[in-house]
>>> print(open('start-v9.cif').read())   # mmCIF, C-alpha atoms
data_run
loop_
_atom_site.label_atom_id
_atom_site.label_comp_id
_atom_site.auth_asym_id
_atom_site.auth_seq_id
_atom_site.Cartn_x
_atom_site.Cartn_y
_atom_site.Cartn_z
CA MET A 1 0.00 0.00 0.00
CA LYS A 2 2.83 2.40 0.94
CA THR A 3 4.61 1.68 -2.37
CA LYS A 4 1.43 2.48 -4.31
CA SER A 5 1.01 5.76 -2.44
CA LEU A 6 4.60 6.72 -3.16
CA ILE A 7 4.13 5.96 -6.86
CA PHE A 8 0.96 8.09 -6.88
CA ALA A 9 2.83 10.89 -5.11
CA ALA A 10 5.61 10.69 -7.68
CA VAL A 11 3.11 11.05 -10.53
CA SER A 12 1.43 13.98 -8.78
CA ALA A 13 4.83 15.50 -8.08
CA ALA A 14 5.72 15.39 -11.76
CA ALA A 15 2.50 17.21 -12.60
CA LEU A 16 3.11 19.87 -9.95
CA ALA A 17 6.73 20.33 -10.96
CA ALA A 18 5.65 20.87 -14.54
CA CYS A 19 3.56 23.88 -13.58
CA GLY A 20 5.97 24.94 -10.82
CA GLY A 21 5.87 28.35 -9.20
CA ASN A 22 4.10 30.49 -11.79
CA GLY A 23 5.24 28.08 -14.48
CA ALA A 24 8.94 28.73 -13.95
CA SER A 25 10.24 25.61 -12.22
CA THR A 26 10.81 21.98 -13.11
CA ALA A 27 12.34 21.13 -9.72
CA THR A 28 11.14 18.15 -7.69
CA ARG A 29 11.23 17.45 -3.97
CA ASP A 30 10.55 14.27 -1.98
CA SER A 31 10.43 15.76 1.51
CA ILE A 32 7.98 18.08 3.23
CA ARG A 33 9.11 21.69 3.63
CA ALA A 34 7.65 24.03 6.25
CA ALA A 35 8.88 27.55 7.01
CA GLY A 36 7.87 30.33 9.35
CA SER A 37 7.36 31.11 13.02
CA SER A 38 10.09 30.55 15.59
CA THR A 39 7.31 29.99 18.14
CA VAL A 40 5.69 27.20 16.14
CA TYR A 41 9.12 25.79 15.22
CA PRO A 42 9.70 23.55 18.30
CA PHE A 43 6.22 22.05 17.95
CA ALA A 44 6.65 21.48 14.20
CA LYS A 45 10.04 19.83 14.85
CA ALA A 46 8.54 17.56 17.50
CA VAL A 47 5.78 16.51 15.10
CA ALA A 48 8.35 15.99 12.34
CA GLU A 49 10.40 13.71 14.59
CA ALA A 50 7.34 11.66 15.57
CA PHE A 51 6.28 11.51 11.91
CA SER A 52 9.72 10.20 10.89
CA ARG A 53 9.66 7.51 13.59
CA ASP A 54 6.19 6.34 12.57
CA ASN A 55 6.74 6.66 8.80
CA PRO A 56 10.28 5.46 8.03
CA ASP A 57 9.50 5.19 4.29
CA PHE A 58 9.20 8.97 4.04
CA LYS A 59 12.06 11.44 4.26
CA ALA A 60 12.29 13.66 7.31
CA PRO A 61 10.46 17.00 6.93
CA ILE A 62 12.51 20.17 6.57
CA ILE A 63 11.39 22.76 9.14
CA GLU A 64 12.77 26.31 8.88
CA SER A 65 12.53 29.04 11.53
CA ILE A 66 12.47 32.32 9.59
CA GLY A 67 9.57 34.21 11.20
CA SER A 68 5.85 34.22 10.46
CA GLY A 69 6.00 37.08 7.97
CA ALA A 70 8.91 35.62 6.03
CA GLY A 71 7.36 32.14 6.08
CA ILE A 72 4.04 33.36 4.69
CA GLU A 73 5.84 35.48 2.10
CA ALA A 74 7.77 32.42 0.85
CA PHE A 75 4.59 30.32 0.94
CA CYS A 76 2.69 32.87 -1.12
CA LYS A 77 5.29 33.17 -3.90
CA GLY A 78 3.56 30.44 -5.88
CA GLU A 79 2.97 26.74 -6.13
CA GLY A 80 5.74 24.32 -7.00
CA PHE A 81 8.59 22.62 -5.21
CA GLU A 82 10.76 25.70 -4.80
CA THR A 83 8.17 27.07 -2.35
CA PRO A 84 7.17 25.73 1.11
CA ASP A 85 4.26 23.32 1.44
CA ILE A 86 3.45 24.79 4.84
CA ALA A 87 3.75 28.23 6.44
CA ASN A 88 3.93 28.14 10.24
CA ALA A 89 2.61 31.31 11.87
CA SER A 90 2.21 32.66 15.39
CA ARG A 91 -0.54 34.96 14.15
CA ARG A 92 -3.28 34.63 11.55
CA MET A 93 -2.57 35.28 7.90
CA LYS A 94 -3.41 38.85 6.91
CA ALA A 95 -5.96 39.68 4.23
CA SER A 96 -3.21 41.37 2.20
CA GLU A 97 -1.08 38.20 2.36
CA PHE A 98 -4.05 36.09 1.26
CA GLU A 99 -4.51 38.37 -1.74
CA THR A 100 -0.80 38.05 -2.59
CA CYS A 101 -1.16 34.28 -2.44
CA LYS A 102 -4.12 34.38 -4.83
CA THR A 103 -2.31 36.74 -7.22
CA ASN A 104 0.59 34.26 -7.36
CA GLY A 105 -1.67 31.25 -7.99
CA VAL A 106 -1.83 29.93 -4.44
CA THR A 107 -5.62 29.78 -4.27
CA ASP A 108 -6.37 26.57 -2.35
CA ILE A 109 -5.10 27.09 1.19
CA VAL A 110 -5.94 25.01 4.26
CA GLU A 111 -5.78 26.89 7.57
CA VAL A 112 -5.17 24.82 10.71
CA GLN A 113 -5.08 26.28 14.22
CA VAL A 114 -2.58 24.02 15.96
CA GLY A 115 -3.02 25.36 19.49
CA LEU A 116 -2.50 28.38 21.71
CA ASP A 117 0.53 30.20 23.03
CA GLY A 118 1.22 33.25 25.14
CA ILE A 119 3.57 36.17 24.63
CA ALA A 120 5.50 35.70 27.83
CA LEU A 121 7.55 38.38 29.53
CA ALA A 122 10.25 36.91 31.73
CA SER A 123 13.46 37.57 33.61
CA ALA A 124 16.26 35.45 35.04
CA LYS A 125 15.48 33.38 38.13
CA GLY A 126 16.19 35.70 41.04
CA GLY A 127 16.36 38.69 38.70
CA ILE A 128 14.13 41.72 38.27
CA THR A 129 10.47 41.19 39.20
CA MET A 130 7.61 43.48 38.25
CA ASN A 131 3.84 43.43 37.96
CA LEU A 132 3.36 44.88 34.51
CA THR A 133 0.34 46.13 32.59
CA PRO A 134 -0.12 46.75 28.85
CA LYS A 135 0.05 50.49 29.67
CA ILE A 136 3.41 50.14 31.44
CA ILE A 137 4.84 47.94 28.68
CA TYR A 138 3.68 50.36 25.99
CA GLU A 139 5.05 53.43 27.76
CA ALA A 140 8.38 51.67 28.34
CA LEU A 141 8.83 50.35 24.79
CA ALA A 142 7.06 52.77 22.43
CA ALA A 143 9.21 54.96 20.21
CA LYS A 144 6.82 57.86 20.79
CA PRO A 145 4.36 57.08 23.59
CA TYR A 146 1.08 58.85 22.82
CA GLY A 147 2.93 60.77 20.11
CA LYS A 148 5.40 62.36 22.54
CA ASP A 149 9.16 61.95 22.85
CA GLN A 150 10.31 58.82 24.67
CA THR A 151 12.12 59.96 27.84
CA ALA A 152 11.89 56.91 30.14
CA LYS A 153 15.29 55.49 30.99
CA THR A 154 14.28 53.27 33.94
CA TRP A 155 11.19 51.26 34.80
CA GLN A 156 10.58 53.70 37.66
CA ASP A 157 10.37 56.52 35.13
CA VAL A 158 7.32 54.74 33.72
CA ASP A 159 5.68 53.81 37.02
CA ALA A 160 6.77 54.87 40.51
CA SER A 161 6.04 51.39 41.91
CA LEU A 162 8.70 49.79 39.71
CA PRO A 163 12.44 49.51 40.36
CA ALA A 164 14.83 52.25 39.26
CA THR A 165 16.47 49.79 36.90
CA PRO A 166 17.38 50.72 33.32
CA ILE A 167 14.86 49.44 30.78
CA LEU A 168 16.45 46.60 28.82
CA VAL A 169 14.16 44.30 26.88
CA TYR A 170 15.24 41.59 24.43
CA GLY A 171 12.47 40.80 22.00
CA PRO A 172 11.42 39.56 18.56
CA PRO A 173 12.14 41.35 15.25
CA SER A 174 9.58 43.03 13.01
CA THR A 175 9.31 39.90 10.80
CA SER A 176 8.14 37.78 13.73
CA GLY A 177 4.55 36.81 14.44
CA THR A 178 5.42 37.24 18.11
CA ARG A 179 6.19 40.89 17.39
CA ASP A 180 2.86 41.26 15.54
CA ALA A 181 1.01 39.72 18.48
CA LEU A 182 2.94 41.93 20.92
CA LYS A 183 1.72 44.95 18.97
CA GLU A 184 -1.90 43.85 18.77
CA LEU A 185 -2.39 42.27 22.21
CA ILE A 186 -0.16 44.40 24.42
CA LEU A 187 1.11 47.62 22.84
CA GLU A 188 -2.17 48.71 21.23
CA ALA A 189 -4.06 47.84 24.41
CA GLY A 190 -1.69 50.02 26.42
CA CYS A 191 -1.82 52.82 23.88
CA LYS A 192 -5.63 52.87 23.97
CA THR A 193 -5.59 53.75 27.67
CA ASP A 194 -5.10 57.32 26.42
CA GLU A 195 -8.49 58.45 25.12
CA ALA A 196 -7.08 60.96 22.61
CA THR A 197 -4.81 58.35 21.05
CA LYS A 198 -7.62 55.77 21.07
CA ALA A 199 -9.83 58.22 19.15
CA LEU A 200 -7.06 58.65 16.56
CA LYS A 201 -7.75 55.11 15.30
CA GLU A 202 -11.05 56.31 13.83
CA THR A 203 -9.64 59.42 12.13
CA ASN A 204 -6.09 58.43 11.12
CA GLU A 205 -5.41 54.71 11.45
CA ASP A 206 -1.92 54.94 9.92
CA GLU A 207 -0.86 57.51 12.50
CA PHE A 208 -2.50 55.46 15.23
CA LYS A 209 -0.50 52.37 14.20
CA LYS A 210 2.71 54.38 14.08
CA ILE A 211 2.22 55.88 17.54
CA CYS A 212 0.92 52.69 19.13
CA THR A 213 3.13 49.97 17.65
CA GLU A 214 6.53 51.45 16.71
CA VAL A 215 9.15 50.26 19.18
CA ARG A 216 11.99 52.44 20.43
CA SER A 217 15.41 51.98 18.80
CA ASP A 218 17.69 53.63 21.37
CA GLY A 219 18.96 50.39 22.89
CA ALA A 220 16.25 49.89 25.52
CA TYR A 221 14.56 47.36 23.20
CA VAL A 222 16.97 44.95 21.51
CA ASP A 223 15.80 43.05 18.44
CA GLN A 224 17.29 39.61 19.03
CA GLY A 225 16.38 37.94 15.73
CA GLU A 226 14.20 34.93 15.04
CA GLN A 227 15.86 32.54 17.51
CA ASP A 228 13.97 32.79 20.80
CA ASN A 229 16.62 30.66 22.52
CA LEU A 230 19.04 33.57 22.09
CA ILE A 231 16.66 35.79 24.08
CA VAL A 232 16.61 33.15 26.82
CA GLN A 233 20.42 33.18 26.89
CA LYS A 234 20.58 36.97 27.00
CA ILE A 235 18.28 37.39 29.99
CA GLU A 236 19.73 34.38 31.77
CA GLY A 237 23.03 36.24 31.84
CA ASN A 238 21.63 39.62 32.96
CA MET A 239 19.57 39.86 36.16
CA ASN A 240 18.11 43.23 35.10
CA ALA A 241 17.02 42.26 31.60
CA VAL A 242 13.52 41.28 30.45
CA GLY A 243 12.79 38.94 27.53
CA ILE A 244 9.73 38.60 25.33
CA PHE A 245 9.07 35.27 23.59
CA GLY A 246 6.56 32.45 23.21
CA TYR A 247 5.34 30.80 26.42
CA SER A 248 6.83 27.43 25.43
CA TYR A 249 10.34 28.88 25.80
CA LEU A 250 9.50 30.02 29.32
CA GLU A 251 8.06 26.65 30.30
CA GLU A 252 11.10 24.81 28.97
CA ASN A 253 13.43 27.05 30.99
CA LEU A 254 11.62 27.44 34.32
CA ASP A 255 14.77 26.28 36.08
CA LYS A 256 16.49 29.42 34.74
CA LEU A 257 13.68 31.93 34.21
CA GLN A 258 10.64 33.41 35.94
CA GLY A 259 7.53 34.76 34.25
CA LEU A 260 6.45 38.34 34.89
CA THR A 261 2.80 39.02 35.66
CA VAL A 262 0.68 41.19 33.35
CA ASN A 263 -2.42 42.70 34.96
CA GLY A 264 -1.57 40.53 37.96
CA VAL A 265 -1.87 37.33 35.89
CA GLU A 266 1.02 34.89 35.53
CA PRO A 267 1.89 33.37 32.14
CA THR A 268 0.84 29.76 32.84
CA TYR A 269 -0.77 27.00 30.79
CA ASP A 270 -4.18 27.41 32.44
CA ASN A 271 -4.16 31.21 32.22
CA ILE A 272 -3.35 31.08 28.52
CA ALA A 273 -5.93 28.35 27.84
CA SER A 274 -8.63 30.49 29.48
CA PHE A 275 -7.37 33.69 27.79
CA THR A 276 -7.05 35.23 31.28
CA TYR A 277 -3.46 36.09 30.48
CA PRO A 278 -3.44 39.21 28.22
CA GLY A 279 -0.84 37.81 25.82
CA ALA A 280 -2.71 34.62 24.87
CA ARG A 281 -2.89 33.97 21.10
CA PRO A 282 -3.63 31.19 18.59
CA LEU A 283 -0.96 29.50 16.47
CA PHE A 284 -1.49 28.40 12.87
CA MET A 285 -0.14 26.49 9.95
CA TYR A 286 -1.16 27.10 6.34
CA VAL A 287 -1.00 24.24 3.84
CA LYS A 288 -1.15 24.21 0.05
CA LYS A 289 -3.92 21.76 -0.86
CA ASN A 290 -2.43 21.18 -4.30
CA HIS A 291 0.76 19.89 -2.67
CA LEU A 292 -1.02 17.22 -0.61
CA ASP A 293 -0.86 14.49 -3.26
CA ALA A 294 2.39 15.74 -4.77
CA VAL A 295 4.66 15.77 -1.72
CA PRO A 296 5.22 12.33 -0.16
CA GLY A 297 4.07 12.19 3.46
CA LEU A 298 2.40 15.60 3.62
CA LYS A 299 -1.04 14.17 4.45
CA GLU A 300 0.48 11.87 7.06
CA TYR A 301 2.36 14.77 8.60
CA LEU A 302 -0.89 16.69 9.09
CA VAL A 303 -2.44 13.64 10.73
CA ALA A 304 0.57 13.45 13.07
CA TRP A 305 -0.29 16.94 14.33
CA THR A 306 -3.84 15.86 15.21
CA LYS A 307 -2.46 13.00 17.32
CA MET A 308 -0.18 15.27 19.33
CA TRP A 309 -1.93 18.57 20.07
CA ALA A 310 -4.45 17.51 22.76
CA LYS A 311 -4.13 18.85 26.32
CA ASP A 312 -2.54 15.60 27.50
CA GLY A 313 -0.68 15.02 24.22
CA PRO A 314 3.05 15.03 23.50
CA LEU A 315 3.13 18.70 22.40
CA ALA A 316 1.90 19.83 25.82
CA LYS A 317 5.29 18.73 27.16
CA HIS A 318 6.87 21.23 24.77
CA GLY A 319 4.64 24.06 26.03
CA LEU A 320 1.81 24.01 23.49
CA VAL A 321 -1.53 25.00 25.02
CA ALA A 322 -4.43 23.03 23.56
CA SER A 323 -7.14 24.86 21.63
CA PRO A 324 -10.71 24.85 23.01
CA ASP A 325 -12.59 21.64 22.13
CA ASP A 326 -14.70 23.19 19.36
CA VAL A 327 -11.67 24.81 17.73
CA MET A 328 -9.69 21.58 17.98
CA ALA A 329 -12.52 19.68 16.30
CA ALA A 330 -12.57 22.20 13.44
CA SER A 331 -8.78 22.02 13.18
CA THR A 332 -8.85 18.22 13.03
CA LYS A 333 -11.41 18.42 10.22
CA ALA A 334 -9.26 20.94 8.34
CA ALA A 335 -6.15 18.77 8.74
CA THR A 336 -7.88 15.60 7.51
CA GLU A 337 -10.59 16.83 5.14
CA TYR A 338 -8.66 19.89 3.85
CA THR A 339 -11.24 22.61 4.39
CA LEU A 340 -10.28 25.64 2.27
CA LEU A 341 -9.70 29.10 3.69
CA ASP A 342 -12.01 31.60 1.95
CA GLY A 343 -10.31 34.71 3.35
CA SER A 344 -13.50 36.45 4.45
CA GLN A 345 -12.51 36.43 8.13
CA LEU A 346 -9.00 37.74 7.60
CA LYS A 347 -8.06 41.33 8.47
#
>>> encode(input="start-v9.cif", output="C-alpha cells")
Amino acid sequence: MKTKSLIFAAVSAAALAACGGNGASTATRDSIRAAGSSTVYPFAKAVAEAFSRDNPDFKAPIIESIGSGAGIEAFCKGEGFETPDIANASRRMKASEFETCKTNGVTDIVEVQVGLDGIALASAKGGITMNLTPKIIYEALAAKPYGKDQTAKTWQDVDASLPATPILVYGPPSTSGTRDALKELILEAGCKTDEATKALKETNEDEFKKICTEVRSDGAYVDQGEQDNLIVQKIEGNMNAVGIFGYSYLEENLDKLQGLTVNGVEPTYDNIASFTYPGARPLFMYVKKNHLDAVPGLKEYLVAWTKMWAKDGPLAKHGLVASPDDVMAASTKAATEYTLLDGSQLK
C-alpha cells in the first residue's frame, strides 16, 4: 500500500513540478518543507520527529525558523517545489497576504489552528520582578508614547512602583509573528488607555498604528532575531534584563527563568488556555492543498499533528496550550478533510 502511495505521489509530483511556481520551475522534492514562526518551530520539529519515527519510508520534513512574515511570504510566492508546502505562523494570515497568495496562484489554502501560546515576559530566576500592565509595557517600549518623545530610561520613570532599573528588553524582530502579536495584544491595548490616542484610530489609522506599535530603537529594546533561545540566553546572563518570547520557551526554561505578571496574571498553561493572560494567542499552519498528493508524506504529517496537540498530548510537554474543544474539532477536520480558507474572516 505504501509503495502504491509513493508511486501516486511521484506522478502527482511530476504534474506539480511541470507547472511549478508560476510556471517557472521543473524542480522536484521528496520531503515536506515548512517555514515560518520561531514559536511554532519547536512544535513542528517535535511533530516531524514523531512523523519520521512512525513513517520510516518517508524522508524527514525540513522545518525552517524564519519568522511568520517571512514564512508566509515564501509560501505565497507560488505553487511548486521551490516554495514551502506549509507556512507556520504565530498569528493569523493577513488579508493582504491572502490576496498576494491568490495573485501568485496559491488559491487553495488550508488553515489549521494548531493550538495556543502566550507572549511571555520573563526575567532570570532571582532577577528583576515586576507586575506589569499593557500600559506600562507600551510606555516603556514605544518609540513615541502617545505621540510624545520617549524619555523613560528606567522602569521607575514609567511607574513609581517599579524599580529604578534601566529598561532593557530583548524581543522579537519586526518579521516575527510574536512581534505582531505583541503589537496587537499588548502595545495597542496600552496605547488605547489614552483616550485621545484611542480616538485617533477612527480618524487616522496609519498615524494610530505608528504611535501605538513602533518600538523604540535607542537600545532599551533589543531586536534579538528569530531565535527565541538567544533571548533566553541573554536574559539568563543579565539579572536586570527582560525577555519577550513564546510561552513554550518560558516553560522549557523554568529552572532558569521566571515569568512576569501582566495585569496581575502569571503566564501559565491554564491562564493562557482560558485567555485570562493578556498575551494569549492562537498558532497556525497554512497548507497548500495542491501539494497534498504531490509531496510524499504531507497528508500523514498533518495527521501526526492531530495525534499530538491535545491537552494531554506530546506537544503539551513542549509548552503548546491546547485549543478549546470546538476549535480543535474544526482544526482536526481541516487537517484531515482539507477545508479551504475563503479569506473572508482575515483582516
>>> closest_residue(input="start-v9.cif", among="A:Ala89, A:Leu250, A:Pro61, A:Glu111", to="Lys333 in chain A", atoms="all atoms listed in the file")
A:Glu111
>>> closest_residue(input="start-v9.cif", among="A:Asn229, A:Ser217, A:Ser90, A:Thr165", to="Ala280 in chain A", atoms="only C-alpha atoms")
A:Ser90
>>> resolve_selection(input="start-v9.cif", expression="the PyMOL selection byres ((chain A and resi 128) around 10)", output="list in words")
Ala122, Ser123, Ala124, Lys125, Gly126, Gly127, Thr129, Met130, Leu162, Pro163, Thr165, Asn238, Met239, Asn240, Ala241, Val242, Gln258 and Leu260 of chain A
>>> residues_around(input="start-v9.cif", residues="Thr107 in chain A", least_positions_apart="4", cutoff="12 Å", atoms="all atoms listed in the file", output="VMD selection string")
chain A and resid 75 to 79 97 to 103 286 to 291 340 to 343
>>> residues_around(input="start-v9.cif", residues="Gln156 in chain A", least_positions_apart="4", cutoff="12 Å", atoms="all atoms listed in the file", output="MDAnalysis selection string")
chainID A and resid 130 132 136 139:140 151:152 160:167
>>> resolve_selection(input="start-v9.cif", expression="the PyMOL selection byres ((chain A and resi 169) around 8)", output="list in words")
Ile167, Leu168, Tyr170, Gly171, Ala220, Tyr221, Val222, Ala241, Val242, Gly243 and Ile244 of chain A
>>> resolve_selection(input="start-v9.cif", expression="the PyMOL selection byres ((chain A and resi 64) around 9)", output="VMD selection string")
chain A and resid 33 to 38 41 62 to 63 65 to 67 71
>>> residues_near_point(input="start-v9.cif", point="(9.2, 12.9, 10.1)", cutoff="10 Å", atoms="all atoms listed in the file", output="PDB file with C-alpha atoms, in the coordinates of the input")
ATOM      1  CA  SER A  31      10.430  15.760   1.510  1.00  0.00           C
ATOM      2  CA  ILE A  32       7.980  18.080   3.230  1.00  0.00           C
ATOM      3  CA  ALA A  44       6.650  21.480  14.200  1.00  0.00           C
ATOM      4  CA  LYS A  45      10.040  19.830  14.850  1.00  0.00           C
ATOM      5  CA  ALA A  46       8.540  17.560  17.500  1.00  0.00           C
ATOM      6  CA  VAL A  47       5.780  16.510  15.100  1.00  0.00           C
ATOM      7  CA  ALA A  48       8.350  15.990  12.340  1.00  0.00           C
ATOM      8  CA  GLU A  49      10.400  13.710  14.590  1.00  0.00           C
ATOM      9  CA  ALA A  50       7.340  11.660  15.570  1.00  0.00           C
ATOM     10  CA  PHE A  51       6.280  11.510  11.910  1.00  0.00           C
ATOM     11  CA  SER A  52       9.720  10.200  10.890  1.00  0.00           C
ATOM     12  CA  ARG A  53       9.660   7.510  13.590  1.00  0.00           C
ATOM     13  CA  ASP A  54       6.190   6.340  12.570  1.00  0.00           C
ATOM     14  CA  ASN A  55       6.740   6.660   8.800  1.00  0.00           C
ATOM     15  CA  PRO A  56      10.280   5.460   8.030  1.00  0.00           C
ATOM     16  CA  ASP A  57       9.500   5.190   4.290  1.00  0.00           C
ATOM     17  CA  PHE A  58       9.200   8.970   4.040  1.00  0.00           C
ATOM     18  CA  LYS A  59      12.060  11.440   4.260  1.00  0.00           C
ATOM     19  CA  ALA A  60      12.290  13.660   7.310  1.00  0.00           C
ATOM     20  CA  PRO A  61      10.460  17.000   6.930  1.00  0.00           C
ATOM     21  CA  ILE A  62      12.510  20.170   6.570  1.00  0.00           C
ATOM     22  CA  GLY A 297       4.070  12.190   3.460  1.00  0.00           C
ATOM     23  CA  LEU A 298       2.400  15.600   3.620  1.00  0.00           C
ATOM     24  CA  GLU A 300       0.480  11.870   7.060  1.00  0.00           C
ATOM     25  CA  TYR A 301       2.360  14.770   8.600  1.00  0.00           C
ATOM     26  CA  ALA A 304       0.570  13.450  13.070  1.00  0.00           C
TER      27      ALA A 304
END
>>> residues_around(input="start-v9.cif", residues="Ser174 in chain A", least_positions_apart="3", cutoff="12 Å", atoms="all atoms listed in the file", output="ChimeraX atom specification")
/A:66-70,171,177-183,213-215,222-226
>>> atom_distance(input="start-v9.cif", atom1="CA of Glu207 in chain A", atom2="CA of Trp155 in chain A")
26.1 Å
>>> closest_residue(input="start-v9.cif", among="A:Phe43, A:Tyr146, A:Phe245, A:Phe275", to="Trp305 in chain A", atoms="only C-alpha atoms")
A:Phe43
>>> closest_residue(input="start-v9.cif", among="A:Arg29, A:Ser274, A:Lys234, A:Ser344", to="Glu82 in chain A", atoms="only C-alpha atoms")
A:Arg29
